[in-house]
Amino acid sequence: MKIYMDNCCYNRPYDDQTYIRIHLETEAKLHIQELVRNGEIDLVTSYMLEYENGKNRFSHKKQAIADFMNANESYYVGINKETEVKTFAERIMKTGIKSADALHVACAVLAGSNYFITTDDRLLKLQTEEIQVVTPGEFIRRLEAVH
């Protein structure tokens with residue numbers, strides 16, 4: 001099974017943990033990372049994740065996220081796929097999804113990801129046959145339902 005986590009998902013552990021939703025999503029995201037580290041799930045990353053993470057103004061966060069992605073990626077969608085990614089992203093943008101988010105979804109779909117994991121409320125509204133868009137918690141619920 002392949003998953004793609006967007007930038008807001010990677011940054012969730014750095015958000016204000018006093019909010020229960022944020023805390024629960026953080027715990028689920030950290031559990032997903034453990035599943036990836038253990039080889040139970042394949043992680044897809046992309047040039048879009050590198051680009052967005054590179055803009056993080058907090059160097060310790062940027063480095064921790066980059067280190068995790070580099071050490072654990074099973075599949076990488078590189079800039080050489082940019083034309084295909086943009087073509088697919090244009091279709092997604094017609095649903096009201098913003099450009100950067102559409103590019104992330106396109107990378108995930110082109111890599112054959114089963115799940116796109118995000119904490120972005122707007123992006124969670126995306127309905128598409130190509131990929132399941134879920135929160136970290138919803139992903140864990142679905143994963144545990146099949147086991």
# chains A, B, ... in the order shown; residues from 1 in each chain; ligands from 1
>>> select_by_dssp(residues="chain A", states="strand (DSSP E or B)", output="number ranges by chain")
A: 2-5, 42-46, 73-77, 115-117, 132-134
>>> write_last_selection(atoms="N, CA and C atoms", output="PDB file, in the first residue's frame")
ATOM      1  N   LYS A   2       0.556   2.185  -0.870  1.00  0.00           N
ATOM      2  CA  LYS A   2       1.321   3.432  -0.979  1.00  0.00           C
ATOM      3  C   LYS A   2       0.517   4.592  -0.400  1.00  0.00           C
ATOM      4  N   ILE A   3       1.216   5.448   0.356  1.00  0.00           N
ATOM      5  CA  ILE A   3       0.588   6.658   0.888  1.00  0.00           C
ATOM      6  C   ILE A   3       1.415   7.887   0.522  1.00  0.00           C
ATOM      7  N   TYR A   4       0.735   9.008   0.486  1.00  0.00           N
ATOM      8  CA  TYR A   4       1.371  10.303   0.269  1.00  0.00           C
ATOM      9  C   TYR A   4       0.835  11.221   1.354  1.00  0.00           C
ATOM     10  N   MET A   5       1.723  11.801   2.139  1.00  0.00           N
ATOM     11  CA  MET A   5       1.323  12.787   3.144  1.00  0.00           C
ATOM     12  C   MET A   5       1.728  14.163   2.641  1.00  0.00           C
ATOM     13  N   ASP A  42       4.287   1.825   2.110  1.00  0.00           N
ATOM     14  CA  ASP A  42       5.241   2.498   1.231  1.00  0.00           C
ATOM     15  C   ASP A  42       4.937   3.990   1.181  1.00  0.00           C
ATOM     16  N   LEU A  43       5.977   4.795   1.374  1.00  0.00           N
ATOM     17  CA  LEU A  43       5.846   6.249   1.382  1.00  0.00           C
ATOM     18  C   LEU A  43       6.223   6.829   0.025  1.00  0.00           C
ATOM     19  N   VAL A  44       5.338   7.675  -0.491  1.00  0.00           N
ATOM     20  CA  VAL A  44       5.593   8.403  -1.731  1.00  0.00           C
ATOM     21  C   VAL A  44       5.931   9.842  -1.363  1.00  0.00           C
ATOM     22  N   THR A  45       6.993  10.371  -1.958  1.00  0.00           N
ATOM     23  CA  THR A  45       7.349  11.779  -1.783  1.00  0.00           C
ATOM     24  C   THR A  45       7.478  12.412  -3.163  1.00  0.00           C
ATOM     25  N   SER A  46       7.709  13.721  -3.180  1.00  0.00           N
ATOM     26  CA  SER A  46       7.746  14.406  -4.475  1.00  0.00           C
ATOM     27  C   SER A  46       8.577  15.683  -4.430  1.00  0.00           C
ATOM     28  N   GLU A  73      11.430   7.111   1.920  1.00  0.00           N
ATOM     29  CA  GLU A  73      10.623   7.105   0.693  1.00  0.00           C
ATOM     30  C   GLU A  73      10.818   5.812  -0.078  1.00  0.00           C
ATOM     31  N   SER A  74       9.700   5.297  -0.561  1.00  0.00           N
ATOM     32  CA  SER A  74       9.735   4.110  -1.419  1.00  0.00           C
ATOM     33  C   SER A  74       9.631   4.507  -2.884  1.00  0.00           C
ATOM     34  N   TYR A  75       9.008   5.660  -3.112  1.00  0.00           N
ATOM     35  CA  TYR A  75       8.819   6.144  -4.479  1.00  0.00           C
ATOM     36  C   TYR A  75       8.878   7.655  -4.458  1.00  0.00           C
ATOM     37  N   TYR A  76       9.585   8.227  -5.427  1.00  0.00           N
ATOM     38  CA  TYR A  76       9.760   9.679  -5.515  1.00  0.00           C
ATOM     39  C   TYR A  76       9.278  10.172  -6.875  1.00  0.00           C
ATOM     40  N   VAL A  77       8.409  11.168  -6.864  1.00  0.00           N
ATOM     41  CA  VAL A  77       7.951  11.797  -8.099  1.00  0.00           C
ATOM     42  C   VAL A  77       8.822  13.029  -8.315  1.00  0.00           C
ATOM     43  N   TYR A 115      -3.655   6.254  -0.823  1.00  0.00           N
ATOM     44  CA  TYR A 115      -4.189   7.267   0.081  1.00  0.00           C
ATOM     45  C   TYR A 115      -3.380   8.556   0.000  1.00  0.00           C
ATOM     46  N   PHE A 116      -4.105   9.664   0.071  1.00  0.00           N
ATOM     47  CA  PHE A 116      -3.522  10.991   0.216  1.00  0.00           C
ATOM     48  C   PHE A 116      -3.920  11.454   1.607  1.00  0.00           C
ATOM     49  N   ILE A 117      -2.943  11.629   2.484  1.00  0.00           N
ATOM     50  CA  ILE A 117      -3.224  11.943   3.880  1.00  0.00           C
ATOM     51  C   ILE A 117      -2.917  13.417   4.135  1.00  0.00           C
ATOM     52  N   GLN A 132      -7.935   8.045  -2.383  1.00  0.00           N
ATOM     53  CA  GLN A 132      -8.747   8.339  -1.204  1.00  0.00           C
ATOM     54  C   GLN A 132      -8.051   9.432  -0.394  1.00  0.00           C
ATOM     55  N   VAL A 133      -8.731  10.545  -0.167  1.00  0.00           N
ATOM     56  CA  VAL A 133      -8.188  11.672   0.589  1.00  0.00           C
ATOM     57  C   VAL A 133      -8.738  11.590   2.009  1.00  0.00           C
ATOM     58  N   VAL A 134      -7.842  11.434   2.982  1.00  0.00           N
ATOM     59  CA  VAL A 134      -8.247  11.198   4.366  1.00  0.00           C
ATOM     60  C   VAL A 134      -7.344  11.931   5.355  1.00  0.00           C
TER      61      VAL A 134
END
>>> residues_around(residues="A:Arg12", least_positions_apart="3", cutoff="12 Å", atoms="only C-alpha atoms", output="ChimeraX atom specification")
/A:5-9,15-17,19,21-30,61,65,117-120,135-136
>>> write_last_selection(atoms="C-alpha atoms", output="PDB file, in the first residue's frame")
ATOM      1  CA  MET A   5       1.323  12.787   3.144  1.00  0.00           C
ATOM      2  CA  ASP A   6       1.146  16.458   2.264  1.00  0.00           C
ATOM      3  CA  ASN A   7       3.186  19.206   3.896  1.00  0.00           C
ATOM      4  CA  CYS A   8       0.521  20.176   6.446  1.00  0.00           C
ATOM      5  CA  CYS A   9       0.442  16.563   7.613  1.00  0.00           C
ATOM      6  CA  ASP A  15       1.211  22.723  15.699  1.00  0.00           C
ATOM      7  CA  ASP A  16      -0.407  23.755  19.011  1.00  0.00           C
ATOM      8  CA  GLN A  17      -1.076  20.432  20.755  1.00  0.00           C
ATOM      9  CA  TYR A  19      -6.294  21.428  20.661  1.00  0.00           C
ATOM     10  CA  ARG A  21      -8.073  17.516  17.074  1.00  0.00           C
ATOM     11  CA  ILE A  22      -4.488  18.579  16.438  1.00  0.00           C
ATOM     12  CA  HIS A  23      -3.196  16.278  19.168  1.00  0.00           C
ATOM     13  CA  LEU A  24      -5.130  13.268  17.816  1.00  0.00           C
ATOM     14  CA  GLU A  25      -4.014  13.953  14.230  1.00  0.00           C
ATOM     15  CA  THR A  26      -0.432  14.239  15.483  1.00  0.00           C
ATOM     16  CA  GLU A  27      -0.617  10.890  17.265  1.00  0.00           C
ATOM     17  CA  ALA A  28      -2.085   9.250  14.161  1.00  0.00           C
ATOM     18  CA  LYS A  29       0.553  10.844  11.922  1.00  0.00           C
ATOM     19  CA  LEU A  30       3.368   9.640  14.196  1.00  0.00           C
ATOM     20  CA  LYS A  61      11.473  21.343  11.387  1.00  0.00           C
ATOM     21  CA  ILE A  65      10.918  16.389   7.773  1.00  0.00           C
ATOM     22  CA  ILE A 117      -3.224  11.943   3.880  1.00  0.00           C
ATOM     23  CA  THR A 118      -3.808  15.560   4.873  1.00  0.00           C
ATOM     24  CA  THR A 119      -5.028  17.746   7.710  1.00  0.00           C
ATOM     25  CA  ASP A 120      -6.236  20.462   5.300  1.00  0.00           C
ATOM     26  CA  THR A 135      -7.018  12.580   7.680  1.00  0.00           C
ATOM     27  CA  PRO A 136      -4.300  10.690   9.546  1.00  0.00           C
TER      28      PRO A 136
END
>>> atom_distance(atom1="atom CA of A:Asn11", atom2="atom CA of A:Arg91")
26.9 Å
>>> select_by_dssp(residues="stretch 16-89 of chain A", states="helix (DSSP H, G or I)", output="NGL selection string")
:A and (20-37 or 47-54 or 59-72 or 79-89)
>>> write_last_selection(atoms="C-alpha atoms", output="short mmCIF file (atom, residue, chain, number, x, y, z; two decimals), in the first residue's frame")
data_model
loop_
_atom_site.label_atom_id
_atom_site.label_comp_id
_atom_site.auth_asym_id
_atom_site.auth_seq_id
_atom_site.Cartn_x
_atom_site.Cartn_y
_atom_site.Cartn_z
CA ILE A 20 -7.60 17.86 20.85
CA ARG A 21 -8.07 17.52 17.07
CA ILE A 22 -4.49 18.58 16.44
CA HIS A 23 -3.20 16.28 19.17
CA LEU A 24 -5.13 13.27 17.82
CA GLU A 25 -4.01 13.95 14.23
CA THR A 26 -0.43 14.24 15.48
CA GLU A 27 -0.62 10.89 17.26
CA ALA A 28 -2.09 9.25 14.16
CA LYS A 29 0.55 10.84 11.92
CA LEU A 30 3.37 9.64 14.20
CA HIS A 31 1.88 6.13 14.14
CA ILE A 32 1.77 6.24 10.33
CA GLN A 33 5.44 7.26 10.30
CA GLU A 34 6.24 4.25 12.47
CA LEU A 35 4.39 1.97 10.03
CA VAL A 36 6.46 3.49 7.21
CA ARG A 37 9.71 3.01 9.14
CA TYR A 47 9.50 17.48 -5.73
CA MET A 48 6.48 19.45 -4.48
CA LEU A 49 7.06 18.24 -0.91
CA GLU A 50 10.74 19.16 -1.18
CA TYR A 51 9.82 22.59 -2.51
CA GLU A 52 7.27 23.36 0.20
CA ASN A 53 9.41 21.93 2.98
CA GLY A 54 12.33 23.98 1.71
CA SER A 59 15.41 24.94 10.12
CA HIS A 60 14.96 22.16 12.73
CA LYS A 61 11.47 21.34 11.39
CA LYS A 62 12.64 21.51 7.78
CA GLN A 63 15.58 19.21 8.51
CA ALA A 64 13.56 16.66 10.51
CA ILE A 65 10.92 16.39 7.77
CA ALA A 66 13.53 16.15 4.99
CA ASP A 67 15.45 13.50 6.91
CA PHE A 68 12.33 11.38 7.41
CA MET A 69 11.29 11.62 3.76
CA ASN A 70 14.79 10.88 2.45
CA ALA A 71 15.31 7.91 4.77
CA ASN A 72 11.90 6.33 4.18
CA ILE A 79 10.62 17.24 -11.49
CA ASN A 80 11.06 15.13 -14.64
CA LYS A 81 7.34 14.26 -14.25
CA GLU A 82 6.33 17.93 -14.02
CA THR A 83 4.44 18.02 -17.33
CA GLU A 84 2.32 14.99 -16.41
CA VAL A 85 1.79 16.34 -12.89
CA LYS A 86 0.65 19.75 -14.16
CA THR A 87 -1.72 18.22 -16.71
CA PHE A 88 -3.39 16.11 -14.04
CA ALA A 89 -3.36 18.99 -11.53
#
>>> atom_distance(atom1="atom CA of A:Arg142", atom2="atom CA of A:Glu40")
14.6 Å
>>> atom_distance(atom1="atom CA of A:Ile140", atom2="atom CA of A:Leu103")
24.4 Å
